[in-house]
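Input: a single structure, listed below in structure tokens.
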Amino acid sequence: MPDYIPSTAQWVRDQVELYERTNGAEGYTLRDTGMPVMIVTNVGNKTGGIRKTPLMRVKAGDTYVAIGSKGGAPAHPAWVHNLRANPDVTLRDRDEVSERRAREVTDPEERGRLWAAAVEAYPPYAEYQQKTDRIIPVFALERR
Ligand code: F42
């Protein structure tokens, strides 16, 4: 079993710890927004270590959707490279845990549909896309 390498960002590390320790009873939402968060656990592309990333909870049917927004930062978050290299993930939605595979969605029709679901779940994603020149990556997290 590879070691868990916590995020370098303290607030991210803290949210993962609280969420997992309480099964999502605490730490389920982003700060004071009341909007729900899911935790993606996967393997690092370069380190091979276990990475845990909180993302806004976006769900379309039985598929969860991961949005690589990083607040509209100019570069993709590191976890995007991790998912491209190692697509098998464990997804936690509060106390529900499922084994999934991440598929990057590039088909315009499908991406548009999942992006709309994402903006509905978390409206600031629309502003994040306007803030950056990169196309924000969209992954469908499907049961395996
Ligand atoms: N980020 C989003 O992109 N979208 C969201 O919807 C989102 C919601 C959210 C909700 C709550 C919360 O607490 C955080 C939220 N975030 C959201 C932030 C998210 O959790 C990540 O912090 C953010 O996306 C940045 O991701 P990152 O993977 O760049 O993480 C940084 C902080 C980090 O820890 N980097 C490490 C480091 O050492 O710099 C990890 C680097 C890493 O993964 N390395 C890989 C490895 O092998 O281990 C190699 C990567 C490569 O380039 O190949």
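Just remember, in the structure tokens the first chain shown is A, the second B, etc., residues are 1-based per chain, and ligands are 1-based in the order shown.
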Find the nearest atom pair between each residue of chain A and ligand 1 for residues within 8 Å, count only C-alpha atoms and all ligand atoms, give distances in Å to one decimal, sort rows by chain and ascending number, and present the table as a tab-separated table.
residue	atom	partner	partner_atom_place_in_ligand_line	distance
A:Ile5	CA	ligand 1	48 (O)	7.4
A:Pro6	CA	ligand 1	34 (O)	6.9
A:Ser7	CA	ligand 1	34 (O)	3.4
A:Thr8	CA	ligand 1	34 (O)	4.2
A:Ala9	CA	ligand 1	32 (C)	4.8
A:Trp11	CA	ligand 1	13 (O)	6.2
A:Val12	CA	ligand 1	13 (O)	4.3
A:Arg13	CA	ligand 1	13 (O)	7.6
A:Asp14	CA	ligand 1	13 (O)	8.0
A:Gln15	CA	ligand 1	13 (O)	5.5
A:Val16	CA	ligand 1	13 (O)	7.3
A:Thr29	CA	ligand 1	11 (C)	7.3
A:Leu30	CA	ligand 1	11 (C)	5.0
A:Arg31	CA	ligand 1	11 (C)	7.6
A:Val37	CA	ligand 1	10 (C)	5.6
A:Met38	CA	ligand 1	10 (C)	7.7
A:Val43	CA	ligand 1	48 (O)	7.0
A:Gly44	CA	ligand 1	47 (O)	3.4
A:Asn45	CA	ligand 1	47 (O)	3.7
A:Lys46	CA	ligand 1	47 (O)	3.2
A:Thr47	CA	ligand 1	47 (O)	3.7
A:Gly48	CA	ligand 1	47 (O)	5.5
A:Gly49	CA	ligand 1	48 (O)	5.7
A:Ile50	CA	ligand 1	48 (O)	7.4
A:Arg51	CA	ligand 1	43 (O)	6.4
A:Lys52	CA	ligand 1	20 (O)	7.8
A:Thr53	CA	ligand 1	20 (O)	4.4
A:Pro54	CA	ligand 1	20 (O)	4.2
A:Leu55	CA	ligand 1	8 (C)	3.4
A:Met56	CA	ligand 1	6 (O)	4.1
A:Arg57	CA	ligand 1	6 (O)	7.4
A:Ala66	CA	ligand 1	6 (O)	6.7
A:Ile67	CA	ligand 1	4 (N)	5.1
A:Gly68	CA	ligand 1	3 (O)	3.9
A:Ser69	CA	ligand 1	3 (O)	3.9
A:Lys70	CA	ligand 1	3 (O)	3.5
A:Gly71	CA	ligand 1	3 (O)	6.5
A:His76	CA	ligand 1	29 (O)	7.2
A:Pro77	CA	ligand 1	29 (O)	3.6
A:Ala78	CA	ligand 1	28 (O)	3.6
A:Trp79	CA	ligand 1	28 (O)	3.9
A:Val80	CA	ligand 1	28 (O)	7.0
A:His81	CA	ligand 1	53 (O)	4.9
A:Asn82	CA	ligand 1	50 (C)	5.5
A:Ala85	CA	ligand 1	53 (O)	7.9
A:Tyr125	CA	ligand 1	6 (O)	7.9
Exercise for the section: Find the residues near Glu120 in chain A: any atom within 12 Å, counting only C-alpha atoms, skip ones fewer than 2 places away on the same chain, and give them as number ranges by chain. Expected result: A: 35, 56-60, 113-118, 122-126
Could you make a table, as JSON lines, of the residues of range 25-56 of chain A that have an atom within 8 Å of an atom of range 90-102 of chain A, each with its nearest atom pair and distance in Å to one decimal, counting only C-alpha atoms, in chain and number order?
{"residue": "A:Ala25", "atom": "CA", "partner": "A:Arg94", "partner_atom": "CA", "distance": 7.1}
{"residue": "A:Tyr28", "atom": "CA", "partner": "A:Arg94", "partner_atom": "CA", "distance": 6.6}
{"residue": "A:Val37", "atom": "CA", "partner": "A:Asp93", "partner_atom": "CA", "distance": 7.4}
{"residue": "A:Met38", "atom": "CA", "partner": "A:Asp93", "partner_atom": "CA", "distance": 4.9}
{"residue": "A:Ile39", "atom": "CA", "partner": "A:Arg92", "partner_atom": "CA", "distance": 5.1}
{"residue": "A:Val40", "atom": "CA", "partner": "A:Leu91", "partner_atom": "CA", "distance": 4.9}
{"residue": "A:Thr41", "atom": "CA", "partner": "A:Thr90", "partner_atom": "CA", "distance": 5.1}
{"residue": "A:Asn42", "atom": "CA", "partner": "A:Thr90", "partner_atom": "CA", "distance": 6.6}
Completion exercise
What separates CA of Tyr64 in chain A and CA of Leu18 in chain A is a distance of 21.5 Å
Exercise for the section: Enter the distance from CA of Arg134 in chain A to CA of Val105 in chain A, in Å, rounded to one decimal. Expected result: 15.1 Å
Exercise for the section: Find, counting only C-alpha atoms, the residue in A:Phe139, A:Ala75, A:Gly27, A:Gln130 that gets nearest to Asp107 in chain A. Expected result: A:Phe139
Practice task
List every residue of chain A that DSSP, applied to the backbone of this structure, assigns to alpha helix (DSSP H), and report them as a PyMOL selection string.
Solution key: chain A and resi 10-21+78-85+108-121+124-131
Exercise for the section: Using only C-alpha atoms, find the one residue out of A:Pro36, A:Asn23, A:Val138, A:Arg84 that sits nearest to Gly112 in chain A. Expected result: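 Ranked by minimum distance to Gly112 in chain A, first place goes to A:Val138.
The interatomic distance for the pair CA of Glu104 in chain A and CA of Ile136 in chain A works out to 10.9 Å.
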Exercise for the section: Identify, with DSSP run on backbone atoms, the residues in range 39-144 of chain A assigned to strand (DSSP E), and express the list as a ChimeraX atom specification. Expected result: /A:39-43,50-56,59-60,63-67,88-93,96-104,138-143
